[in-house]
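Written out below as structure tokens is the structure these notes cover.
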Amino acid sequence: MLRRGLSRPESRLLSMRCLSSATGGVPAGTTEGGSSEATPLRPRPNALTDEIIRVDHAGELGADRIYAGQMAILGNGPLGKTIGHMWEQEKEHRKQFEQLIQQHRVRPTIMTPIWNVAGFVLGAGTALMGEKAAMACTVAVETVIVEHYNDQLRQIMEAPNPDKELLATITKFRDEEQEHHDTGIDHGAEQAPFYQAMTEVIKFGCKTAIAISKKI
């Protein structure tokens, strides 16, 4: 009995059907509307850019969760709108660094799950101590972040080939973090019980998290 091989058109059609079934009926790399889903990739970053994106992604994740914790406790109170505004900006910061993580193919810190939980606990815990304690937490965190961003801006500007896009992104975010710091001061952060001790502990924790996220 003779066996007839597939002609080229038939073979091509079979291959497309197999690929389509493997991707849920839609050709790989496209959406149902036919548009590509691929994230545009950039050349591998240098060591400085890799470190900056990884640690800043971790920091903005932590900030997002801190404000989420504050909103969970104080969202319906007098400070709800103020905290909500700062939270929206932090969510945008996190979104931007998640895009940079993908575009530059940077490995996120392995501490991400821990920072996720720790951030929420810190935000909710200080909020349970009262509005002024929550604002003291904001001041402490943003003080460290502003200093951290300033250090990074200096490093980028001193690099042989400064990444202008990253420079602009960090500058914008640094200015918004400074606004959050000032908002905390304006809403009585310094009147919180044990303000000095509490903020020093939080600053130490933030600096430790930054140091760890730079490396792992």
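Ligands are numbered from 1 in the order shown, chains are lettered A, B, ... in the order of the structure tokens, and residues start at 1 in each chain.
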Open item on the list: Quick one: residues within 8 Å of region 151-154 of chain A, only C-alpha atoms, excluding same-chain residues fewer than 4 positions away - as a PyMOL selection string?
Closed with: chain A and resi 52+147+158+167+170-171
Write the selection just made, keeping N, CA and C atoms, as an mmCIF file, in the first residue's frame?
data_model
loop_
_atom_site.group_PDB
_atom_site.id
_atom_site.type_symbol
_atom_site.label_atom_id
_atom_site.label_comp_id
_atom_site.auth_asym_id
_atom_site.auth_seq_id
_atom_site.Cartn_x
_atom_site.Cartn_y
_atom_site.Cartn_z
ATOM 1 N N ILE A 52 19.999 49.325 39.586
ATOM 2 C CA ILE A 52 19.043 50.401 39.841
ATOM 3 C C ILE A 52 17.613 49.922 39.601
ATOM 4 N N GLU A 147 16.749 60.240 49.464
ATOM 5 C CA GLU A 147 18.209 60.162 49.528
ATOM 6 C C GLU A 147 18.731 59.088 48.572
ATOM 7 N N GLU A 158 27.207 60.478 36.373
ATOM 8 C CA GLU A 158 28.659 60.286 36.331
ATOM 9 C C GLU A 158 29.067 59.120 35.433
ATOM 10 N N LEU A 167 17.160 58.442 33.881
ATOM 11 C CA LEU A 167 17.436 59.669 34.631
ATOM 12 C C LEU A 167 16.159 60.491 34.801
ATOM 13 N N ILE A 170 13.579 58.621 37.238
ATOM 14 C CA ILE A 170 13.943 58.704 38.656
ATOM 15 C C ILE A 170 13.797 60.131 39.174
ATOM 16 N N THR A 171 14.118 61.120 38.354
ATOM 17 C CA THR A 171 13.958 62.516 38.771
ATOM 18 C C THR A 171 12.496 62.816 39.086
#
Spatial neighbours of region 106-108 of chain A, 12 Å, only C-alpha atoms, chain gap at least 3 places, as a CSV table (one decimal) with all heavy atoms, in the first residue's frame:
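In the end it all went to out.csv:
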chain,number,residue,atom,x,y,z
A,41,LEU,N,11.9,44.4,23.8
A,41,LEU,CA,13.1,44.2,24.6
A,41,LEU,C,14.2,45.1,24.2
A,41,LEU,O,14.3,45.6,23.1
A,41,LEU,CB,13.6,42.7,24.5
A,41,LEU,CG,12.6,41.6,24.9
A,41,LEU,CD1,13.2,40.3,24.6
A,41,LEU,CD2,12.2,41.8,26.3
A,42,ARG,N,15.0,45.5,25.2
A,42,ARG,CA,16.2,46.4,25.0
A,42,ARG,C,17.5,45.6,25.2
A,42,ARG,O,17.4,44.5,25.7
A,42,ARG,CB,16.1,47.5,25.9
A,42,ARG,CG,14.8,48.3,25.8
A,42,ARG,CD,14.9,49.5,26.8
A,42,ARG,NE,13.6,50.2,26.8
A,42,ARG,CZ,13.3,51.3,27.5
A,42,ARG,NH1,14.3,51.9,28.2
A,42,ARG,NH2,12.1,51.9,27.4
A,43,PRO,N,18.6,46.1,24.8
A,43,PRO,CA,19.9,45.4,25.0
A,43,PRO,C,20.0,45.2,26.5
A,43,PRO,O,19.5,46.0,27.3
A,43,PRO,CB,20.9,46.4,24.5
A,43,PRO,CG,20.2,47.2,23.5
A,43,PRO,CD,18.8,47.4,24.0
A,44,ARG,N,20.8,44.2,26.8
A,44,ARG,CA,21.1,43.9,28.3
A,44,ARG,C,21.7,45.1,28.9
A,44,ARG,O,22.6,45.7,28.4
A,44,ARG,CB,22.0,42.7,28.4
A,44,ARG,CG,21.4,41.4,28.0
A,44,ARG,CD,20.5,40.9,29.2
A,44,ARG,NE,20.0,39.5,28.9
A,44,ARG,CZ,19.2,38.9,29.8
A,44,ARG,NH1,18.9,39.5,30.9
A,44,ARG,NH2,18.8,37.7,29.5
A,45,PRO,N,21.2,45.5,30.1
A,45,PRO,CA,21.7,46.7,30.8
A,45,PRO,C,23.1,46.4,31.4
A,45,PRO,O,23.5,45.3,31.6
A,45,PRO,CB,20.7,46.9,31.9
A,45,PRO,CG,20.1,45.5,32.2
A,45,PRO,CD,20.1,44.8,30.9
A,46,ASN,N,23.8,47.6,31.6
A,46,ASN,CA,25.0,47.4,32.3
A,46,ASN,C,24.8,47.1,33.8
A,46,ASN,O,23.6,47.1,34.2
A,46,ASN,CB,25.9,48.7,32.1
A,46,ASN,CG,25.2,50.0,32.6
A,46,ASN,OD1,24.5,49.9,33.6
A,46,ASN,ND2,25.3,51.0,31.8
A,47,ALA,N,25.8,46.9,34.5
A,47,ALA,CA,25.7,46.5,35.9
A,47,ALA,C,24.9,47.6,36.7
A,47,ALA,O,24.1,47.2,37.6
A,47,ALA,CB,27.0,46.2,36.5
A,48,LEU,N,25.2,48.8,36.5
A,48,LEU,CA,24.6,49.9,37.2
A,48,LEU,C,23.1,50.0,37.0
A,48,LEU,O,22.3,50.0,37.9
A,48,LEU,CB,25.2,51.3,36.9
A,48,LEU,CG,24.6,52.5,37.5
A,48,LEU,CD1,24.6,52.4,39.1
A,48,LEU,CD2,25.2,53.8,37.0
A,49,THR,N,22.7,49.9,35.7
A,49,THR,CA,21.3,50.0,35.3
A,49,THR,C,20.6,48.8,35.9
A,49,THR,O,19.4,48.9,36.4
A,49,THR,CB,21.1,50.1,33.8
A,49,THR,OG1,21.8,51.3,33.3
A,49,THR,CG2,19.7,50.1,33.4
A,50,ASP,N,21.2,47.6,35.8
A,50,ASP,CA,20.6,46.4,36.3
A,50,ASP,C,20.3,46.5,37.8
A,50,ASP,O,19.2,46.2,38.3
A,50,ASP,CB,21.5,45.2,36.1
A,50,ASP,CG,20.9,43.9,36.5
A,50,ASP,OD1,21.1,43.5,37.7
A,50,ASP,OD2,20.4,43.2,35.6
A,51,GLU,N,21.2,47.0,38.5
A,51,GLU,CA,21.1,47.2,40.0
A,51,GLU,C,20.0,48.2,40.3
A,51,GLU,O,19.1,48.0,41.2
A,51,GLU,CB,22.4,47.6,40.6
A,51,GLU,CG,22.3,47.8,42.1
A,51,GLU,CD,23.6,48.3,42.7
A,51,GLU,OE1,24.5,47.5,42.9
A,51,GLU,OE2,23.7,49.5,43.0
A,52,ILE,N,20.0,49.3,39.6
A,52,ILE,CA,19.0,50.4,39.8
A,52,ILE,C,17.6,49.9,39.6
A,52,ILE,O,16.7,50.2,40.4
A,52,ILE,CB,19.4,51.6,39.0
A,52,ILE,CG1,20.6,52.4,39.5
A,52,ILE,CG2,18.2,52.6,38.9
A,52,ILE,CD1,21.1,53.5,38.6
A,53,ILE,N,17.4,49.3,38.5
A,53,ILE,CA,16.0,48.8,38.2
A,53,ILE,C,15.6,47.8,39.2
A,53,ILE,O,14.4,47.8,39.6
A,53,ILE,CB,16.0,48.3,36.7
A,53,ILE,CG1,16.2,49.4,35.7
A,53,ILE,CG2,14.6,47.6,36.5
A,53,ILE,CD1,16.3,49.0,34.3
A,54,ARG,N,16.4,46.8,39.5
A,54,ARG,CA,16.0,45.8,40.5
A,54,ARG,C,15.7,46.4,41.8
A,54,ARG,O,14.6,46.1,42.4
A,54,ARG,CB,17.1,44.7,40.7
A,54,ARG,CG,16.7,43.7,41.7
A,54,ARG,CD,17.7,42.5,41.7
A,54,ARG,NE,19.1,42.9,41.8
A,54,ARG,CZ,19.9,42.8,40.7
A,54,ARG,NH1,19.5,42.4,39.5
A,54,ARG,NH2,21.2,43.2,40.9
A,55,VAL,N,16.5,47.2,42.4
A,55,VAL,CA,16.3,47.8,43.7
A,55,VAL,C,15.1,48.8,43.7
A,55,VAL,O,14.3,48.8,44.7
A,55,VAL,CB,17.6,48.4,44.3
A,55,VAL,CG1,17.9,49.7,43.6
A,55,VAL,CG2,17.4,48.6,45.8
A,56,ASP,N,15.0,49.5,42.7
A,56,ASP,CA,13.9,50.5,42.7
A,56,ASP,C,12.5,49.8,42.4
A,56,ASP,O,11.5,50.3,43.0
A,56,ASP,CB,14.1,51.6,41.6
A,56,ASP,CG,15.2,52.5,41.9
A,56,ASP,OD1,15.8,52.4,43.1
A,56,ASP,OD2,15.6,53.4,41.1
A,57,HIS,N,12.5,48.7,41.7
A,57,HIS,CA,11.3,48.0,41.6
A,57,HIS,C,10.9,47.4,42.9
A,57,HIS,O,9.7,47.5,43.3
A,57,HIS,CB,11.5,46.8,40.6
A,57,HIS,CG,10.4,45.8,40.5
A,57,HIS,ND1,10.5,44.6,41.2
A,57,HIS,CD2,9.2,45.9,39.9
A,57,HIS,CE1,9.3,43.9,41.0
A,57,HIS,NE2,8.6,44.7,40.2
A,58,ALA,N,11.8,46.9,43.7
A,58,ALA,CA,11.5,46.4,45.0
A,58,ALA,C,11.0,47.5,45.9
A,58,ALA,O,10.1,47.3,46.7
A,58,ALA,CB,12.8,45.7,45.6
A,59,GLY,N,11.7,48.7,45.8
A,59,GLY,CA,11.3,49.8,46.7
A,59,GLY,C,9.9,50.3,46.4
A,59,GLY,O,9.1,50.6,47.3
A,61,LEU,N,7.5,48.6,45.0
A,61,LEU,CA,6.6,47.5,45.4
A,61,LEU,C,6.3,47.7,46.9
A,61,LEU,O,5.1,47.7,47.4
A,61,LEU,CB,7.2,46.2,45.2
A,61,LEU,CG,6.5,45.0,45.9
A,61,LEU,CD1,5.1,44.8,45.4
A,61,LEU,CD2,7.3,43.7,45.8
A,97,PHE,N,8.4,50.6,36.9
A,97,PHE,CA,9.5,49.8,37.1
A,97,PHE,C,9.2,48.3,36.7
A,97,PHE,O,10.2,47.6,36.3
A,97,PHE,CB,10.0,49.9,38.5
A,97,PHE,CG,10.9,51.0,38.7
A,97,PHE,CD1,10.5,52.1,39.4
A,97,PHE,CD2,12.2,51.0,38.1
A,97,PHE,CE1,11.4,53.2,39.6
A,97,PHE,CE2,13.1,52.1,38.3
A,97,PHE,CZ,12.6,53.2,39.0
A,98,GLU,N,8.0,47.9,36.8
A,98,GLU,CA,7.7,46.5,36.3
A,98,GLU,C,7.9,46.5,34.8
A,98,GLU,O,8.3,45.4,34.2
A,98,GLU,CB,6.2,46.2,36.6
A,98,GLU,CG,6.1,45.8,38.1
A,98,GLU,CD,4.6,45.5,38.5
A,98,GLU,OE1,3.7,45.9,37.7
A,98,GLU,OE2,4.4,45.0,39.6
A,99,GLN,N,7.6,47.5,34.1
A,99,GLN,CA,7.8,47.6,32.6
A,99,GLN,C,9.3,47.6,32.3
A,99,GLN,O,9.8,46.9,31.4
A,99,GLN,CB,7.2,48.8,32.0
A,99,GLN,CG,5.6,48.8,32.0
A,99,GLN,CD,5.0,50.1,31.6
A,99,GLN,OE1,5.7,51.1,31.4
A,99,GLN,NE2,3.7,50.1,31.4
A,100,LEU,N,10.1,48.3,33.1
A,100,LEU,CA,11.5,48.4,32.9
A,100,LEU,C,12.2,47.0,33.2
A,100,LEU,O,13.1,46.6,32.5
A,100,LEU,CB,12.1,49.5,33.8
A,100,LEU,CG,11.8,50.9,33.4
A,100,LEU,CD1,12.4,51.9,34.4
A,100,LEU,CD2,12.4,51.2,32.0
A,101,ILE,N,11.6,46.3,34.2
A,101,ILE,CA,12.1,45.0,34.6
A,101,ILE,C,12.0,44.1,33.3
A,101,ILE,O,12.9,43.3,33.0
A,101,ILE,CB,11.3,44.4,35.7
A,101,ILE,CG1,11.8,44.9,37.1
A,101,ILE,CG2,11.4,42.8,35.7
A,101,ILE,CD1,12.9,44.2,37.7
A,102,GLN,N,10.9,44.1,32.7
A,102,GLN,CA,10.6,43.3,31.5
A,102,GLN,C,11.4,43.7,30.3
A,102,GLN,O,12.1,42.9,29.6
A,102,GLN,CB,9.1,43.3,31.2
A,102,GLN,CG,8.3,42.6,32.2
A,102,GLN,CD,6.8,42.7,31.9
A,102,GLN,OE1,6.4,43.0,30.7
A,102,GLN,NE2,5.9,42.5,32.8
A,103,GLN,N,11.5,45.0,30.0
A,103,GLN,CA,12.1,45.5,28.8
A,103,GLN,C,13.6,45.3,28.9
A,103,GLN,O,14.3,45.0,27.9
A,103,GLN,CB,11.9,47.0,28.7
A,103,GLN,CG,10.4,47.3,28.3
A,103,GLN,CD,10.1,48.8,28.4
A,103,GLN,OE1,10.9,49.6,28.8
A,103,GLN,NE2,8.9,49.2,27.9
A,111,MET,N,13.6,38.7,47.2
A,111,MET,CA,12.9,39.1,48.4
A,111,MET,C,11.5,39.7,48.1
A,111,MET,O,10.8,40.1,49.1
A,111,MET,CB,13.8,40.1,49.1
A,111,MET,CG,15.2,39.6,49.5
A,111,MET,SD,15.1,38.3,50.6
A,111,MET,CE,14.6,39.1,52.1
A,112,THR,N,11.1,39.7,46.9
A,112,THR,CA,9.8,40.3,46.5
A,112,THR,C,8.6,39.9,47.4
A,112,THR,O,7.9,40.7,47.9
A,112,THR,CB,9.5,40.1,45.1
A,112,THR,OG1,10.5,40.8,44.3
A,112,THR,CG2,8.1,40.6,44.7
A,113,PRO,N,8.4,38.6,47.6
A,113,PRO,CA,7.3,38.1,48.5
A,113,PRO,C,7.4,38.7,49.9
A,113,PRO,O,6.4,39.0,50.5
A,113,PRO,CB,7.4,36.6,48.5
A,113,PRO,CG,8.2,36.3,47.2
A,113,PRO,CD,9.2,37.4,47.1
A,115,TRP,N,9.0,41.5,50.9
A,115,TRP,CA,8.8,43.0,50.9
A,115,TRP,C,7.3,43.3,50.7
A,115,TRP,O,6.8,44.2,51.2
A,115,TRP,CB,9.6,43.7,49.8
A,115,TRP,CG,11.1,43.6,49.8
A,115,TRP,CD1,11.9,43.7,48.8
A,115,TRP,CD2,11.9,43.3,51.0
A,115,TRP,NE1,13.2,43.5,49.2
A,115,TRP,CE2,13.2,43.3,50.5
A,115,TRP,CE3,11.7,43.1,52.3
A,115,TRP,CZ2,14.3,43.1,51.3
A,115,TRP,CZ3,12.8,42.8,53.2
A,115,TRP,CH2,14.1,42.8,52.7
A,212,ILE,N,19.9,44.8,50.6
A,212,ILE,CA,19.7,43.4,50.3
A,212,ILE,C,19.2,43.3,48.8
A,212,ILE,O,19.7,42.5,48.0
A,212,ILE,CB,18.6,42.8,51.2
A,212,ILE,CG1,19.2,42.7,52.6
A,212,ILE,CG2,18.2,41.4,50.7
A,212,ILE,CD1,18.2,42.2,53.7
A,213,SER,N,18.2,44.2,48.4
A,213,SER,CA,17.6,44.1,47.1
A,213,SER,C,18.6,44.5,46.0
A,213,SER,O,18.4,44.1,44.8
A,213,SER,CB,16.4,45.0,47.0
A,213,SER,OG,15.4,44.7,47.9
A,214,LYS,N,19.7,45.2,46.3
A,214,LYS,CA,20.7,45.5,45.3
A,214,LYS,C,21.4,44.2,44.8
A,214,LYS,O,21.9,44.1,43.7
A,214,LYS,CB,21.8,46.4,45.9
A,214,LYS,CG,21.3,47.9,46.0
A,214,LYS,CD,22.4,48.7,46.5
A,214,LYS,CE,22.1,50.2,46.6
A,214,LYS,NZ,23.2,51.0,47.1
A,215,LYS,N,21.5,43.2,45.7
A,215,LYS,CA,22.4,42.1,45.5
A,215,LYS,C,21.6,40.8,45.2
A,215,LYS,O,22.1,39.9,44.4
A,215,LYS,CB,23.3,41.9,46.6
A,215,LYS,CG,24.2,43.1,47.0
A,215,LYS,CD,25.0,43.5,45.7
A,215,LYS,CE,25.8,44.8,46.1
A,215,LYS,NZ,26.5,45.3,44.9
A,216,ILE,N,20.5,40.6,45.8
A,216,ILE,CA,19.8,39.3,45.6
A,216,ILE,C,18.3,39.4,45.2
A,216,ILE,O,17.8,40.5,45.3
A,216,ILE,CB,19.9,38.4,46.9
A,216,ILE,CG1,19.1,39.1,48.0
A,216,ILE,CG2,21.3,38.2,47.2
A,216,ILE,CD1,19.0,38.2,49.3
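The residue that comes closest to Leu122 (chain A), out of A:Gln96, A:Arg105, A:His85, A:Ala134 and on the basis of only C-alpha atoms, is A:Ala134.
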TODO: Please provide as a count of residues only all residues within 8 Å of region 199-205 of chain A, with the sequence filter that same-chain residues fewer than 6 positions apart are discarded (counting only C-alpha atoms).
DONE: 7
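For the atom pair formed by CA of Ala159 (chain A) and CA of His180 (chain A), the distance is 28.9 Å, given to one decimal.
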